[in-house]
$ cat structure-v9.txt   # compact mmCIF, C-alpha atoms
# COMPACT_ATOMS: atom_id res chain seq x y z
CA MET A 288 -13.52 -18.39 -17.03
CA ARG A 289 -11.51 -18.37 -20.25
CA LEU A 290 -11.79 -14.57 -20.35
CA HIS A 291 -10.60 -14.30 -16.76
CA LEU A 292 -7.50 -16.45 -17.28
CA GLY A 293 -6.64 -15.74 -20.92
CA PHE A 294 -3.97 -13.23 -19.94
CA LEU A 295 -2.00 -16.02 -18.27
CA ARG A 296 -1.71 -17.88 -21.55
CA ARG A 297 -0.66 -14.79 -23.51
CA ARG A 298 2.01 -13.65 -21.07
CA SER A 299 3.82 -16.93 -20.58
CA THR A 300 5.79 -19.12 -22.89
CA GLU A 301 6.02 -21.84 -20.25
CA ALA A 302 3.73 -24.82 -20.75
CA SER A 303 2.94 -24.92 -17.01
CA LEU A 304 1.03 -21.64 -17.32
CA SER A 305 -0.65 -22.33 -20.62
CA THR A 306 -2.74 -25.18 -19.26
CA ARG A 307 -5.45 -24.56 -16.73
CA PRO A 308 -4.73 -26.64 -13.63
CA LYS A 309 -7.15 -29.35 -12.59
CA PRO A 310 -9.46 -28.39 -9.72
CA GLU A 311 -7.62 -30.82 -7.42
CA GLU A 312 -4.29 -29.10 -8.15
CA ALA A 313 -5.73 -25.64 -7.55
CA GLN A 314 -7.38 -26.89 -4.34
CA LYS A 315 -3.89 -27.63 -2.96
CA TRP A 316 -3.23 -23.87 -2.95
CA THR A 317 -5.53 -23.64 0.08
CA GLU A 318 -2.98 -25.61 2.14
CA SER A 319 -0.65 -22.65 2.57
CA PHE A 320 0.69 -19.47 1.05
CA ALA A 321 3.94 -21.35 0.28
CA VAL A 322 2.08 -23.97 -1.78
CA LEU A 323 0.33 -21.21 -3.74
CA MET A 324 3.61 -19.40 -4.42
CA ALA A 325 5.35 -22.64 -5.46
CA SER A 326 2.86 -22.95 -8.34
CA LYS A 327 3.70 -20.74 -11.33
CA TYR A 328 0.04 -20.68 -12.35
CA GLY A 329 -1.12 -20.10 -8.77
CA SER A 330 1.27 -17.23 -8.12
CA SER A 331 0.31 -15.63 -11.46
CA LEU A 332 -3.37 -15.91 -10.62
CA TYR A 333 -2.77 -14.46 -7.16
CA ARG A 334 -0.89 -11.57 -8.77
CA ALA A 335 -3.83 -10.97 -11.13
CA PHE A 336 -6.17 -10.92 -8.13
CA LEU A 337 -4.00 -8.35 -6.35
CA LEU A 338 -3.75 -6.20 -9.47
CA ARG A 339 -7.55 -6.09 -9.65
CA GLU A 340 -7.59 -4.87 -6.06
CA PHE A 341 -4.77 -2.35 -6.64
CA SER A 342 -2.80 -4.00 -3.83
CA ASN A 343 0.04 -5.82 -5.54
CA GLU A 344 3.02 -4.00 -4.00
CA ASN A 345 3.39 -6.55 -1.18
CA LEU A 346 3.58 -9.45 -3.61
CA GLU A 347 5.92 -7.53 -5.91
CA PHE A 348 8.23 -6.90 -2.95
CA TRP A 349 8.06 -10.54 -1.85
CA LEU A 350 8.91 -11.76 -5.37
CA ALA A 351 11.71 -9.19 -5.77
CA VAL A 352 13.29 -10.47 -2.55
CA GLU A 353 12.99 -14.08 -3.73
CA GLU A 354 14.78 -13.11 -6.93
CA TYR A 355 17.36 -11.12 -4.95
CA LYS A 356 18.21 -14.18 -2.82
CA ASN A 357 19.27 -15.98 -5.99
CA SER A 358 21.42 -13.11 -7.29
CA LYS A 359 25.14 -13.37 -7.87
CA PRO A 360 27.03 -11.95 -4.86
CA GLN A 361 28.64 -9.16 -6.93
CA LYS A 362 25.18 -7.87 -7.94
CA MET A 363 23.54 -8.07 -4.51
CA ALA A 364 24.46 -4.59 -3.29
CA ALA A 365 22.95 -2.84 -6.31
CA LYS A 366 19.84 -5.03 -6.27
CA ALA A 367 19.40 -4.54 -2.53
CA GLN A 368 19.54 -0.78 -2.95
CA GLN A 369 17.01 -0.92 -5.80
CA ILE A 370 14.56 -3.04 -3.78
CA TYR A 371 14.97 -0.70 -0.81
CA ASN A 372 14.38 2.37 -2.98
CA ASP A 373 11.33 0.85 -4.72
CA PHE A 374 9.56 -0.71 -1.73
CA VAL A 375 11.02 0.01 1.71
CA ALA A 376 12.04 3.67 1.72
CA VAL A 377 9.51 6.14 3.07
CA GLN A 378 7.64 7.64 0.10
CA ALA A 379 8.90 4.85 -2.22
CA SER A 380 6.92 4.48 -5.44
CA LYS A 381 5.62 1.07 -4.29
CA GLU A 382 6.01 1.56 -0.55
CA ILE A 383 5.09 -1.44 1.58
CA ASN A 384 3.62 -1.13 5.04
CA LEU A 385 6.41 -1.91 7.50
CA ASP A 386 6.86 -1.03 11.14
CA THR A 387 9.67 1.40 11.94
CA GLU A 388 11.95 -1.23 13.47
CA SER A 389 11.73 -3.54 10.43
CA ARG A 390 12.35 -0.60 8.12
CA LEU A 391 15.47 0.47 10.09
CA ILE A 392 16.87 -3.06 10.29
CA THR A 393 16.41 -3.44 6.55
CA LEU A 394 18.11 -0.08 5.89
CA THR A 395 21.06 -1.12 8.07
CA ASN A 396 21.36 -4.43 6.20
CA VAL A 397 21.20 -2.76 2.79
CA GLN A 398 23.75 -0.10 3.73
CA SER A 399 26.26 -2.64 5.03
CA ASN A 400 29.41 -3.05 2.96
CA ASN A 401 28.30 -6.42 1.68
CA PRO A 402 24.54 -7.13 1.91
CA ASP A 403 23.83 -10.85 1.78
CA GLN A 404 20.80 -12.93 0.87
CA HIS A 405 19.31 -12.29 4.33
CA ALA A 406 19.19 -8.49 4.05
CA PHE A 407 15.40 -8.46 3.65
CA ASP A 408 14.47 -11.46 5.81
CA ARG A 409 12.65 -9.55 8.54
CA ALA A 410 10.76 -7.29 6.11
CA GLN A 411 9.84 -10.22 3.86
CA ARG A 412 8.53 -12.25 6.83
CA ARG A 413 6.41 -9.27 7.93
CA ILE A 414 4.95 -8.78 4.46
CA GLN A 415 4.32 -12.50 4.00
CA HIS A 416 2.54 -12.61 7.35
CA MET A 417 0.33 -9.70 6.29
CA MET A 418 -0.54 -11.40 2.99
CA GLU A 419 -1.28 -14.70 4.77
CA ARG A 420 -3.70 -12.90 7.11
CA ASP A 421 -5.34 -10.58 4.58
CA SER A 422 -5.08 -10.95 0.80
CA TYR A 423 -4.38 -14.71 0.65
CA PRO A 424 -7.67 -15.66 2.42
CA ARG A 425 -9.54 -13.13 0.24
CA PHE A 426 -7.98 -14.70 -2.85
CA LEU A 427 -9.21 -18.14 -1.73
CA GLN A 428 -12.73 -16.71 -1.50
CA SER A 429 -12.52 -14.83 -4.79
CA ARG A 430 -14.51 -15.71 -7.87
CA LEU A 431 -11.24 -16.03 -9.79
CA PHE A 432 -10.09 -18.88 -7.53
CA LEU A 433 -13.48 -20.47 -6.88
CA GLU A 434 -14.20 -20.82 -10.59
CA LEU A 435 -10.93 -22.65 -10.98
CA VAL A 436 -11.65 -25.22 -8.27
CA GLN A 437 -15.29 -25.64 -9.23
CA THR A 438 -16.18 -29.21 -10.19
CA ASP A 439 -19.02 -30.48 -12.38
CA GLY A 440 -21.63 -29.91 -9.68
CA CYS A 441 -23.41 -26.62 -9.14
CA PRO A 442 -21.96 -24.43 -6.42
CA THR A 443 -24.20 -23.60 -3.50
CA SER A 444 -23.64 -21.77 -0.27
CA THR A 445 -22.95 -25.07 1.51
CA GLY A 446 -20.81 -26.72 -1.15
CA TYR A 447 -21.47 -28.59 -4.37
CA VAL A 448 -24.62 -30.34 -5.43
CA SER A 449 -24.69 -33.22 -7.90
CA ASP A 450 -26.61 -33.05 -11.18
CA ASN A 451 -29.49 -35.10 -9.70
$ encode --input "structure-v9.txt" --output "structure tokens"
Amino acid sequence: MRLHLGFLRRRSTEASLSTRPKPEEAQKWTESFAVLMASKYGSSLYRAFLLREFSNENLEFWLAVEEYKNSKPQKMAAKAQQIYNDFVAVQASKEINLDTESRLITLTNVQSNNPDQHAFDRAQRRIQHMMERDSYPRFLQSRLFLELVQTDGCPTSTGYVSDN
């Protein structure tokens, strides 16, 4: 497991990422996508999982929008355009899978004179819903996650068995 998670220690200077969470803490990530994303370690591990699957553009978009929401108002227009160009535009370098209506609503919001923190709400909800249905459950079944929540017993197909 140390080899699997070593990159988290090297990349972060924050103490919260340098210490492997206890199995009970990691188990809380199964409660919801929001709980997973609220954990710095959990969101980093989820990102690592998506990178291994070459499907990290949805999470990158979701995180970019979260950062955008906390931007200073005078920087929002430029950041909104950058997020749109990187993720939402057709043929974008990291294009996310959005329906036509969500894409058009987002374009209208970004092209307004003064895009606000809600410019990407619909697109972000759509992408979050897709992750909650697809990659999040796969992450919870992944070896990367299961090794983290594993306790002292031996894993079996039905759960954990004591040392006896």
$ residues_around --input "structure-v9.txt" --residues "Met363 of chain A" --least-positions-apart "6" --cutoff "9 Å" --atoms "only C-alpha atoms" --output "list in words"
Tyr355, Lys356, Asn401, Pro402, Asp403 and Gln404 of chain A
$ residues_around --input "structure-v9.txt" --residues "segment 408-420 of chain A" --least-positions-apart "6" --cutoff "9 Å" --atoms "only C-alpha atoms" --output "PyMOL selection string"
chain A and resi 319-320+345-346+348-349+352+375+383-386+389-390+392-393
$ residues_near_point --input "structure-v9.txt" --point "(-9.8, -25.5, -10.0)" --cutoff "9 Å" --atoms "all atoms listed in the file" --output "MDAnalysis selection string"
chainID A and resid 307:314 432:438
$ closest_residue --input "structure-v9.txt" --among "A:Leu350, A:Leu338, A:Ala321, A:Ala367" --to "Asn400 of chain A" --atoms "all atoms listed in the file"
A:Ala367
